$ cat query.txt   # compact mmCIF, C-alpha atoms
# COMPACT_ATOMS: atom_id res chain seq x y z
CA MET A 181 -203.19 70.74 61.88
CA THR A 182 -203.85 70.29 65.60
CA VAL A 183 -206.90 71.07 67.65
CA ASN A 184 -205.94 73.46 70.42
CA GLN A 185 -206.87 71.89 73.77
CA SER A 186 -207.29 75.19 75.61
CA SER A 187 -210.05 76.23 73.25
CA ALA A 188 -211.54 73.13 71.66
CA ALA A 189 -213.08 74.83 68.65
CA MET A 190 -209.81 76.33 67.36
CA VAL A 191 -207.49 74.81 64.76
CA ALA A 192 -203.80 75.77 65.03
CA PHE A 193 -201.50 76.25 62.03
CA ASP A 194 -197.73 76.18 62.42
CA PRO A 195 -196.52 78.16 59.35
CA ALA A 196 -193.51 75.84 58.99
CA GLU A 197 -195.88 72.97 58.17
CA HIS A 198 -198.01 74.68 55.50
CA GLU A 199 -197.38 75.95 51.95
CA PRO A 200 -197.10 79.75 51.55
CA GLY A 201 -200.04 79.61 49.12
CA ASN A 202 -202.23 78.14 51.84
CA LEU A 203 -201.00 80.63 54.45
CA TYR A 204 -201.86 83.35 51.93
CA LYS A 205 -205.43 81.99 51.81
CA LEU A 206 -205.66 82.18 55.62
CA MET A 207 -204.41 85.77 55.54
CA VAL A 208 -206.68 87.10 52.77
CA GLY A 209 -209.65 85.29 54.31
CA THR A 210 -209.21 86.71 57.82
CA ILE A 211 -207.64 90.17 57.27
CA VAL A 212 -210.88 91.60 55.92
CA PRO A 213 -212.31 93.87 54.63
CA ARG A 214 -209.24 95.42 52.97
CA PRO A 215 -209.17 98.87 51.33
CA ILE A 216 -207.89 98.91 47.75
CA ALA A 217 -205.00 101.06 46.55
CA TRP A 218 -205.44 101.35 42.79
CA VAL A 219 -201.88 102.42 42.04
CA SER A 220 -200.93 104.32 38.89
CA THR A 221 -197.31 104.73 37.80
CA VAL A 222 -195.20 105.32 34.69
CA ASP A 223 -192.02 103.48 33.81
CA ALA A 224 -188.75 105.12 32.69
CA ASN A 225 -190.06 105.09 29.07
CA GLY A 226 -193.34 106.77 29.98
CA VAL A 227 -195.52 103.63 29.69
CA ARG A 228 -198.44 103.90 32.10
CA ASN A 229 -199.25 101.16 34.59
CA LEU A 230 -202.30 100.71 36.81
CA ALA A 231 -202.90 97.85 39.26
CA PRO A 232 -204.89 97.20 42.46
CA PHE A 233 -203.28 96.26 45.80
CA SER A 234 -205.27 95.36 48.90
CA PHE A 235 -202.35 95.04 51.32
CA PHE A 236 -202.73 98.78 51.85
CA THR A 237 -202.90 100.99 54.94
CA GLY A 238 -202.59 104.49 56.26
CA VAL A 239 -199.50 105.02 58.42
CA CYS A 240 -199.80 108.50 59.94
CA ALA A 241 -201.10 112.00 59.27
CA ASN A 242 -198.17 114.18 60.40
CA PRO A 243 -196.88 114.03 57.70
CA PRO A 244 -199.50 112.07 55.72
CA VAL A 245 -197.95 108.69 54.89
CA ILE A 246 -199.47 105.56 53.40
CA ALA A 247 -198.03 102.11 52.73
CA PHE A 248 -198.89 99.30 50.36
CA CYS A 249 -197.32 95.89 50.01
CA PRO A 250 -197.03 94.27 46.57
CA VAL A 251 -196.76 90.53 47.15
CA ASN A 252 -194.46 88.69 44.72
CA ARG A 253 -196.19 86.39 42.24
CA GLY A 254 -196.56 82.85 43.55
CA ASN A 255 -196.20 80.94 40.32
CA PRO A 256 -195.46 83.35 37.45
CA ALA A 257 -195.99 82.40 33.81
CA PRO A 258 -192.77 81.92 31.75
CA GLY A 259 -191.09 85.29 31.13
CA MET A 260 -193.13 87.00 33.87
CA PRO A 261 -190.93 88.30 36.74
CA LEU A 262 -191.67 87.57 40.41
CA ARG A 263 -191.94 91.28 41.21
CA LYS A 264 -194.78 93.37 39.84
CA ASP A 265 -194.32 96.22 37.34
CA THR A 266 -195.68 98.74 39.84
CA LEU A 267 -192.73 98.06 42.12
CA ARG A 268 -190.20 98.43 39.31
CA ASN A 269 -191.80 101.69 38.14
CA ILE A 270 -191.75 103.21 41.62
CA HIS A 271 -188.15 102.10 42.02
CA GLU A 272 -187.33 103.91 38.75
CA THR A 273 -189.34 107.10 39.29
CA GLY A 274 -189.89 107.45 43.06
CA GLU A 275 -193.52 108.43 42.43
CA PHE A 276 -197.01 106.97 42.31
CA VAL A 277 -200.68 107.81 42.74
CA VAL A 278 -203.18 105.89 44.89
CA ASN A 279 -206.68 106.06 43.40
CA ILE A 280 -209.75 104.91 45.36
CA VAL A 281 -212.27 102.46 43.83
CA PRO A 282 -216.03 103.05 44.10
CA GLU A 283 -218.27 100.15 43.14
CA ARG A 284 -219.07 101.66 39.72
CA LEU A 285 -215.34 101.30 38.81
CA ALA A 286 -214.90 97.80 40.25
CA ALA A 287 -215.13 96.00 36.89
CA GLN A 288 -212.51 98.31 35.36
CA MET A 289 -210.29 97.90 38.42
CA ASN A 290 -210.59 94.15 37.98
CA VAL A 291 -209.44 94.43 34.34
CA THR A 292 -206.25 96.10 35.60
CA SER A 293 -205.51 93.15 37.90
CA ALA A 294 -204.60 90.94 34.91
CA ASP A 295 -201.01 89.76 34.57
CA VAL A 296 -200.19 91.53 31.29
CA PRO A 297 -196.75 92.36 29.79
CA ALA A 298 -195.04 95.51 31.08
CA ASP A 299 -195.57 97.41 27.79
CA VAL A 300 -199.39 97.25 28.05
CA ASP A 301 -201.04 100.50 29.19
CA GLU A 302 -203.73 99.45 31.69
CA PHE A 303 -205.53 102.81 31.29
CA GLU A 304 -206.16 101.88 27.64
CA LEU A 305 -206.85 98.25 28.51
CA ALA A 306 -209.60 99.25 30.95
CA GLY A 307 -210.90 102.29 29.07
CA LEU A 308 -209.87 104.80 31.73
CA THR A 309 -208.78 108.42 31.39
CA PRO A 310 -205.32 109.44 32.62
CA VAL A 311 -205.05 112.93 34.17
CA PRO A 312 -201.55 114.32 34.86
CA GLY A 313 -200.40 114.50 38.45
CA VAL A 314 -199.75 117.98 39.83
CA MET A 315 -196.78 117.01 41.99
CA VAL A 316 -195.73 113.70 40.39
CA GLY A 317 -195.21 112.33 36.90
CA ALA A 318 -197.58 109.41 37.48
CA PRO A 319 -201.08 109.83 36.03
CA ARG A 320 -204.29 109.87 38.04
CA VAL A 321 -207.48 107.98 37.15
CA ALA A 322 -209.93 110.73 36.13
CA GLU A 323 -212.93 108.48 36.85
CA SER A 324 -211.85 107.89 40.48
CA PRO A 325 -213.22 110.26 43.17
CA VAL A 326 -210.04 110.30 45.30
CA HIS A 327 -206.38 110.56 44.25
CA MET A 328 -203.36 110.64 46.56
CA GLU A 329 -200.21 111.79 44.79
CA CYS A 330 -197.25 110.15 46.55
CA LYS A 331 -193.48 110.47 46.68
CA LEU A 332 -191.58 107.35 47.66
CA LEU A 333 -190.13 107.54 51.19
CA GLN A 334 -188.76 104.03 51.37
CA MET A 335 -189.09 100.65 49.70
CA VAL A 336 -188.35 97.59 51.84
CA GLU A 337 -187.93 94.06 50.53
CA VAL A 338 -189.28 91.90 53.35
CA SER A 339 -188.57 88.59 51.58
CA PRO A 340 -187.48 87.91 48.00
CA GLY A 341 -189.18 84.63 47.03
CA PRO A 342 -192.57 83.67 45.55
CA LEU A 343 -195.33 85.18 47.73
CA GLY A 344 -192.60 87.14 49.50
CA GLY A 345 -193.29 90.79 50.10
CA ASN A 346 -192.28 94.37 49.76
CA ILE A 347 -193.36 97.51 51.57
CA VAL A 348 -193.73 100.78 49.66
CA LEU A 349 -193.92 103.77 51.99
CA GLY A 350 -195.16 106.97 50.33
CA GLU A 351 -195.73 110.49 51.56
CA VAL A 352 -198.93 112.01 50.23
CA VAL A 353 -197.90 115.32 48.65
CA ARG A 354 -201.33 116.16 47.24
CA PHE A 355 -204.83 114.87 47.97
CA HIS A 356 -207.62 115.31 45.41
CA VAL A 357 -211.19 114.63 46.48
CA ARG A 358 -214.32 114.98 44.41
CA HIS A 359 -216.11 118.08 45.61
CA ASP A 360 -219.49 116.55 46.46
CA LEU A 361 -217.91 113.97 48.82
CA LEU A 362 -216.56 116.64 51.18
CA THR A 363 -218.01 118.44 54.17
CA ASN A 364 -215.27 120.14 56.18
CA TYR A 365 -212.71 117.30 55.59
CA ARG A 366 -215.32 114.60 56.30
CA ILE A 367 -216.06 112.13 53.50
CA ASP A 368 -219.60 110.94 52.73
CA PRO A 369 -219.25 107.13 52.68
CA ASP A 370 -222.37 106.64 50.54
CA LYS A 371 -221.15 109.05 47.87
CA LEU A 372 -217.66 107.52 47.98
CA ASP A 373 -219.16 103.99 47.79
CA ALA A 374 -215.74 102.35 48.17
CA VAL A 375 -215.37 98.61 47.81
CA GLY A 376 -213.23 96.42 50.04
CA ARG A 377 -211.35 93.26 49.18
CA MET A 378 -212.20 89.89 50.65
CA ALA A 379 -210.62 86.53 49.70
CA GLY A 380 -210.66 84.96 46.23
CA ALA A 381 -212.95 86.76 43.80
CA THR A 382 -215.00 88.42 46.54
CA TYR A 383 -215.46 92.11 47.33
CA SER A 384 -217.37 93.83 50.10
CA ARG A 385 -219.52 96.94 49.76
CA THR A 386 -219.45 99.70 52.40
CA ARG A 387 -223.18 100.48 52.45
CA ASP A 388 -224.08 98.24 55.40
CA ARG A 389 -222.72 100.20 58.34
CA PHE A 390 -223.24 100.82 62.06
CA GLU A 391 -222.02 103.35 64.62
CA LEU A 392 -220.26 102.86 67.96
CA GLU A 393 -219.43 105.99 69.91
CA ARG A 394 -215.90 105.78 71.24
CA PRO A 395 -215.79 105.64 75.06
CA LYS A 396 -214.49 108.74 76.89
CA MET B 196 -208.19 124.63 48.89
CA THR B 197 -208.14 125.03 45.11
CA VAL B 198 -210.41 123.61 42.47
CA ASN B 199 -208.33 121.60 40.02
CA GLN B 200 -208.87 123.02 36.54
CA SER B 201 -208.12 119.75 34.73
CA SER B 202 -211.00 118.03 36.50
CA ALA B 203 -213.47 120.64 37.68
CA ALA B 204 -215.19 118.51 40.29
CA MET B 205 -212.01 117.77 42.28
CA VAL B 206 -210.73 119.72 45.31
CA ALA B 207 -206.95 119.66 45.84
CA PHE B 208 -205.31 119.66 49.29
CA ASP B 209 -201.67 120.61 49.72
CA PRO B 210 -200.72 118.89 53.02
CA ALA B 211 -198.48 121.85 53.96
CA GLU B 212 -201.58 124.05 54.17
CA HIS B 213 -203.76 121.82 56.37
CA GLU B 214 -203.65 120.66 59.99
CA PRO B 215 -202.57 117.02 60.55
CA GLY B 216 -205.91 116.40 62.28
CA ASN B 217 -207.74 117.38 59.11
CA LEU B 218 -205.43 115.31 56.89
CA TYR B 219 -206.16 112.40 59.23
CA LYS B 220 -209.89 112.89 58.55
CA LEU B 221 -209.25 112.75 54.79
CA MET B 222 -207.23 109.54 55.22
CA VAL B 223 -209.67 107.65 57.47
CA GLY B 224 -212.58 108.76 55.29
CA THR B 225 -211.06 107.57 52.00
CA ILE B 226 -208.88 104.56 52.95
CA VAL B 227 -211.93 102.37 53.61
CA PRO B 228 -213.02 99.79 54.63
CA ARG B 229 -210.11 98.97 56.95
CA PRO B 230 -209.58 95.59 58.65
CA ILE B 231 -209.14 95.76 62.42
CA ALA B 232 -206.15 94.30 64.26
CA TRP B 233 -207.30 93.82 67.84
CA VAL B 234 -203.85 93.61 69.39
CA SER B 235 -203.18 91.90 72.72
CA THR B 236 -199.88 92.32 74.56
CA VAL B 237 -198.41 92.17 78.07
CA ASP B 238 -196.02 94.67 79.57
CA ALA B 239 -192.79 93.82 81.43
CA ASN B 240 -194.81 93.46 84.65
CA GLY B 241 -197.32 91.07 83.11
CA VAL B 242 -200.19 93.60 82.85
CA ARG B 243 -202.38 92.72 79.86
CA ASN B 244 -203.25 95.26 77.18
CA LEU B 245 -205.77 95.04 74.36
CA ALA B 246 -206.48 97.74 71.76
CA PRO B 247 -207.84 97.99 68.19
CA PHE B 248 -205.81 99.35 65.25
CA SER B 249 -207.23 99.85 61.77
CA PHE B 250 -204.02 100.90 60.03
CA PHE B 251 -203.38 97.19 59.53
CA THR B 252 -202.36 95.09 56.54
CA GLY B 253 -200.96 91.79 55.39
CA VAL B 254 -197.45 92.05 53.97
CA CYS B 255 -196.60 88.65 52.51
CA ALA B 256 -197.14 84.92 52.98
CA ASN B 257 -193.61 83.51 52.57
CA PRO B 258 -193.01 83.90 55.46
CA PRO B 259 -196.37 85.15 56.79
CA VAL B 260 -195.88 88.76 57.85
CA ILE B 261 -198.39 91.41 58.89
CA ALA B 262 -197.97 95.09 59.76
CA PHE B 263 -199.95 97.54 61.82
CA CYS B 264 -199.34 101.22 62.41
CA PRO B 265 -200.17 102.77 65.79
CA VAL B 266 -200.67 106.49 65.20
CA ASN B 267 -199.45 108.74 68.00
CA ARG B 268 -202.15 110.51 69.99
CA GLY B 269 -203.08 113.90 68.55
CA ASN B 270 -203.86 115.78 71.71
CA PRO B 271 -203.22 113.54 74.74
CA ALA B 272 -204.71 114.25 78.16
CA PRO B 273 -202.22 115.42 80.84
CA GLY B 274 -199.99 112.52 81.91
CA MET B 275 -200.92 110.44 78.84
CA PRO B 276 -197.92 109.76 76.54
CA LEU B 277 -198.00 110.39 72.78
CA ARG B 278 -197.21 106.74 72.04
CA LYS B 279 -199.69 104.02 72.82
CA ASP B 280 -199.13 101.28 75.44
CA THR B 281 -199.30 98.57 72.76
CA LEU B 282 -196.17 99.99 71.15
CA ARG B 283 -194.29 100.14 74.45
CA ASN B 284 -195.29 96.58 75.34
CA ILE B 285 -194.15 95.20 71.99
CA HIS B 286 -190.90 97.14 72.36
CA GLU B 287 -190.41 95.49 75.78
CA THR B 288 -191.45 91.93 74.90
CA GLY B 289 -191.09 91.55 71.10
CA GLU B 290 -194.43 89.74 70.97
CA PHE B 291 -198.11 90.34 70.28
CA VAL B 292 -201.29 88.66 69.09
CA VAL B 293 -203.66 90.00 66.41
CA ASN B 294 -207.25 88.98 67.11
CA ILE B 295 -210.01 89.44 64.50
CA VAL B 296 -213.30 91.19 65.39
CA PRO B 297 -216.67 89.75 64.33
CA GLU B 298 -219.68 92.02 64.72
CA ARG B 299 -220.82 90.26 67.92
CA LEU B 300 -217.57 91.46 69.61
CA ALA B 301 -217.66 95.00 68.20
CA ALA B 302 -219.02 96.60 71.37
CA GLN B 303 -216.31 94.95 73.51
CA MET B 304 -213.65 95.94 70.98
CA ASN B 305 -214.91 99.49 71.25
CA VAL B 306 -214.55 99.40 75.07
CA THR B 307 -210.86 98.56 74.56
CA SER B 308 -210.35 101.66 72.40
CA ALA B 309 -210.65 103.94 75.45
CA ASP B 310 -207.60 105.92 76.54
CA VAL B 311 -207.11 104.32 79.96
CA PRO B 312 -203.99 104.28 82.19
CA ALA B 313 -201.34 101.65 81.38
CA ASP B 314 -202.11 99.60 84.52
CA VAL B 315 -205.71 98.86 83.43
CA ASP B 316 -206.27 95.33 82.06
CA GLU B 317 -208.52 95.80 79.00
CA PHE B 318 -209.54 92.12 79.10
CA GLU B 319 -211.12 92.77 82.51
CA LEU B 320 -212.45 96.16 81.41
CA ALA B 321 -214.30 94.60 78.46
CA GLY B 322 -215.23 91.28 80.11
CA LEU B 323 -213.09 89.16 77.79
CA THR B 324 -211.28 85.89 78.47
CA PRO B 325 -207.50 85.74 78.03
CA VAL B 326 -206.09 82.46 76.65
CA PRO B 327 -202.30 81.94 76.77
CA GLY B 328 -200.38 82.12 73.53
CA VAL B 329 -198.65 78.92 72.41
CA MET B 330 -195.60 80.62 70.91
CA VAL B 331 -195.73 84.04 72.61
CA GLY B 332 -196.30 85.41 76.10
CA ALA B 333 -199.11 87.70 74.95
CA PRO B 334 -202.64 86.44 75.63
CA ARG B 335 -205.25 85.70 72.97
CA VAL B 336 -208.90 86.78 73.10
CA ALA B 337 -210.81 83.51 73.63
CA GLU B 338 -214.02 85.00 72.22
CA SER B 339 -212.36 85.92 68.89
CA PRO B 340 -212.52 83.36 66.05
CA VAL B 341 -209.04 84.12 64.65
CA HIS B 342 -205.72 84.70 66.46
CA MET B 343 -202.35 85.38 64.86
CA GLU B 344 -199.48 84.95 67.30
CA CYS B 345 -196.69 87.30 66.18
CA LYS B 346 -193.00 87.86 66.87
CA LEU B 347 -191.71 91.38 66.24
CA LEU B 348 -189.53 91.62 63.12
CA GLN B 349 -189.02 95.35 63.14
CA MET B 350 -190.47 98.51 64.60
CA VAL B 351 -190.04 101.72 62.60
CA GLU B 352 -190.75 105.19 63.88
CA VAL B 353 -191.94 107.07 60.78
CA SER B 354 -192.42 110.39 62.57
CA PRO B 355 -192.32 111.23 66.29
CA GLY B 356 -194.90 113.99 66.78
CA PRO B 357 -198.65 114.11 67.49
CA LEU B 358 -200.44 112.04 64.78
CA GLY B 359 -197.02 110.81 63.70
CA GLY B 360 -196.70 107.13 63.06
CA ASN B 361 -194.98 103.87 63.71
CA ILE B 362 -194.88 100.61 61.79
CA VAL B 363 -194.86 97.31 63.66
CA LEU B 364 -193.85 94.40 61.42
CA GLY B 365 -194.62 90.98 62.85
CA GLU B 366 -194.06 87.45 61.63
CA VAL B 367 -197.03 85.20 62.28
CA VAL B 368 -195.62 82.18 64.14
CA ARG B 369 -198.98 80.52 64.79
CA PHE B 370 -202.46 80.97 63.28
CA HIS B 371 -205.54 79.83 65.21
CA VAL B 372 -208.86 79.70 63.36
CA ARG B 373 -212.19 78.56 64.71
CA HIS B 374 -212.91 75.15 63.25
CA ASP B 375 -216.28 75.88 61.64
CA LEU B 376 -214.89 78.82 59.61
CA LEU B 377 -212.47 76.59 57.67
CA THR B 378 -212.76 74.58 54.49
CA ASN B 379 -209.33 73.63 53.17
CA TYR B 380 -207.70 76.97 54.22
CA ARG B 381 -210.66 79.00 52.88
CA ILE B 382 -212.54 81.16 55.38
CA ASP B 383 -216.35 81.45 55.35
CA PRO B 384 -216.93 85.24 55.37
CA ASP B 385 -220.45 84.93 56.78
CA LYS B 386 -219.32 82.81 59.70
CA LEU B 387 -216.34 85.12 60.31
CA ASP B 388 -218.62 88.18 60.07
CA ALA B 389 -215.68 90.59 60.40
CA VAL B 390 -216.28 94.30 60.75
CA GLY B 391 -214.29 97.00 58.97
CA ARG B 392 -213.43 100.47 60.13
CA MET B 393 -214.71 103.59 58.43
CA ALA B 394 -214.21 107.20 59.61
CA GLY B 395 -215.35 108.63 62.95
CA ALA B 396 -217.62 106.29 64.88
CA THR B 397 -218.58 104.27 61.79
CA TYR B 398 -217.99 100.58 61.03
CA SER B 399 -218.80 98.54 57.95
CA ARG B 400 -220.18 95.00 57.89
CA THR B 401 -218.91 92.41 55.40
CA ARG B 402 -222.25 90.78 54.57
CA ASP B 403 -222.99 92.82 51.45
CA ARG B 404 -220.60 91.30 48.91
CA PHE B 405 -220.16 90.67 45.19
CA GLU B 406 -217.86 88.57 43.02
CA LEU B 407 -215.59 89.54 40.13
CA GLU B 408 -213.65 86.75 38.48
CA ARG B 409 -210.06 87.82 37.93
CA PRO B 410 -209.16 88.08 34.21
CA LYS B 411 -206.81 85.45 32.78
$ encode --input "query.txt" --output "structure tokens"
Amino acid sequence: MTVNQSSAAMVAFDPAEHEPGNLYKLMVGTIVPRPIAWVSTVDANGVRNLAPFSFFTGVCANPPVIAFCPVNRGNPAPGMPLRKDTLRNIHETGEFVVNIVPERLAAQMNVTSADVPADVDEFELAGLTPVPGVMVGAPRVAESPVHMECKLLQMVEVSPGPLGGNIVLGEVVRFHVRHDLLTNYRIDPDKLDAVGRMAGATYSRTRDRFELERPK
Amino acid sequence: MTVNQSSAAMVAFDPAEHEPGNLYKLMVGTIVPRPIAWVSTVDANGVRNLAPFSFFTGVCANPPVIAFCPVNRGNPAPGMPLRKDTLRNIHETGEFVVNIVPERLAAQMNVTSADVPADVDEFELAGLTPVPGVMVGAPRVAESPVHMECKLLQMVEVSPGPLGGNIVLGEVVRFHVRHDLLTNYRIDPDKLDAVGRMAGATYSRTRDRFELERPK
């Protein structure tokens, strides 16, 4: 760790000199607040899976594409693979659903973040209701106010090791939005009440907002 | 627009039946709150550029990789290209810096979101101080508390049209974090005071938070 002379208050980190787990802490502490993709899938045997991912972003609207990045486990328990079940299921089926998490579902979302064996149905584990997709075989979370049914466009392995990463690119083939949230394609942020991810065990609400008109 | 019979309160949107501009509204209204990559670059002539992007995510920590997705302009003014200057500069130089935006810099960040000609220096436009990168030729924003110096890994054109998208994957080759934010790689969210992007002209603060311990 070296103090940067050109700006005395800054500490510089050369990634080659720090553990990936510590670099991960820097990333999740500074890339905030992060939207949460609560991703539902089924495996080849029809077992449902549901897990949250906060390395998640929109990509473009023409066509509508989103991406999320499941990070490999850093230090998996014996018998637990490095790669998450969600990734394997999407590899097998080419389909998934992104559900959005309002604060009232945060505790149930958190239940689905547990590292459980692949044959556990996280809908049952968290007491959630699966609703069939219209365009995909993956189920939607009935309790969630927004579902994006997605077809896999491309899956990229960025690096294979512990805390290595993968990019899942999906085209949204159907949006579902709870009726009362909508006014001519605009979403009411208070009614959506989405939560964002911060570092560690911390989440951010979206109720404390301000406006800045974009310059012409 | 059809009401989904299996869940009476939901409205379904088939992307084929809606304008990309309206699908974009659905995406930026539901994928919230989004972290902001305030990206600084230089072009081949050394002209500095600075612009905010909220389709931004971490990818992995081993090695540290981030991604951001500049969306093509939807309806550019005459003489303005579809693709943003940031993308062209990174294509030319292979380098960029992601700066993080605390609320006290939000107004200056907003100034840099204007569609100005490529020869305008957004550091000067917004009254910000450029600091040289240590590992890259792109400048850092001295006023920002976090800088990630990045080398381009890959640039992917997802779709070429208006509101089409691009993915810029960068490896972080140097992190800089303001000293008082750090405790053993953990970032103090109140001292960082990052803002998130919502739809339209709306931003979210990160001061209203809660904790959920991850299940074992």
$ atom_distance --input "query.txt" --atom1 "atom CA of B:Ser354" --atom2 "atom CA of A:Asn242"
7.2 Å
$ residues_near_point --input "query.txt" --point "(-220.9, 88.9, 60.0)" --cutoff "10 Å" --atoms "all atoms listed in the file" --output "PDB file with C-alpha atoms, keeping the file's coordinate frame"
ATOM      1  CA  VAL B 296    -213.300  91.190  65.390  1.00  0.00           C
ATOM      2  CA  PRO B 297    -216.670  89.750  64.330  1.00  0.00           C
ATOM      3  CA  GLU B 298    -219.680  92.020  64.720  1.00  0.00           C
ATOM      4  CA  ARG B 299    -220.820  90.260  67.920  1.00  0.00           C
ATOM      5  CA  ASP B 383    -216.350  81.450  55.350  1.00  0.00           C
ATOM      6  CA  PRO B 384    -216.930  85.240  55.370  1.00  0.00           C
ATOM      7  CA  ASP B 385    -220.450  84.930  56.780  1.00  0.00           C
ATOM      8  CA  LYS B 386    -219.320  82.810  59.700  1.00  0.00           C
ATOM      9  CA  LEU B 387    -216.340  85.120  60.310  1.00  0.00           C
ATOM     10  CA  ASP B 388    -218.620  88.180  60.070  1.00  0.00           C
ATOM     11  CA  ALA B 389    -215.680  90.590  60.400  1.00  0.00           C
ATOM     12  CA  VAL B 390    -216.280  94.300  60.750  1.00  0.00           C
ATOM     13  CA  ARG B 400    -220.180  95.000  57.890  1.00  0.00           C
ATOM     14  CA  THR B 401    -218.910  92.410  55.400  1.00  0.00           C
ATOM     15  CA  ARG B 402    -222.250  90.780  54.570  1.00  0.00           C
ATOM     16  CA  ASP B 403    -222.990  92.820  51.450  1.00  0.00           C
TER      17      ASP B 403
END
$ residues_around --input "query.txt" --residues "A:Arg268" --least-positions-apart "4" --cutoff "12 Å" --atoms "all atoms listed in the file" --output "list of chain:residue names"
A:Thr221, A:Val222, A:Asp223, A:Ala224, A:Asn229, A:Pro250, A:Asn252, A:Pro261, A:Leu262, A:Arg263, A:Lys264, A:Glu272, A:Thr273, A:Gly274, A:Glu275, A:Phe276, A:Ala298, A:Met335, A:Asn346, A:Val348
$ closest_residue --input "query.txt" --among "A:Pro310, A:Gly226, A:Pro243, A:Gly376" --to "B:Pro210" --atoms "all atoms listed in the file"
A:Pro243
$ residues_near_point --input "query.txt" --point "(-214.2, 92.5, 81.0)" --cutoff "10 Å" --atoms "only C-alpha atoms" --output "list in words"
Gln303, Val306, Thr307, Asp316, Glu317, Phe318, Glu319, Leu320, Ala321, Gly322, Leu323, Thr324 and Pro325 of chain B
$ residues_around --input "query.txt" --residues "A:Ala247" --least-positions-apart "2" --cutoff "7 Å" --atoms "all atoms listed in the file" --output "PyMOL selection string"
chain A and resi 236-239+245+249+347-350
$ atom_distance --input "query.txt" --atom1 "atom CA of B:Leu358" --atom2 "atom CA of B:Ala333"
26.4 Å
$ closest_residue --input "query.txt" --among "B:Ala246, B:Ala207, B:Val311, B:Val336" --to "chain A" --atoms "only C-alpha atoms"
B:Ala207
$ atom_distance --input "query.txt" --atom1 "atom CA of A:Val300" --atom2 "atom CA of A:Leu230"
9.9 Å
$ closest_residue --input "query.txt" --among "B:Thr281, B:Glu214, B:Leu221, B:Gly269" --to "A:Arg366" --atoms "only C-alpha atoms"
B:Leu221
$ closest_residue --input "query.txt" --among "A:Ala196, A:Val227, A:Leu361, A:Ile211" --to "B:Val293" --atoms "all atoms listed in the file"
A:Ile211
$ closest_residue --input "query.txt" --among "A:Lys205, A:His359, A:Arg320, A:Lys331" --to "A:Ile280" --atoms "all atoms listed in the file"
A:Arg320
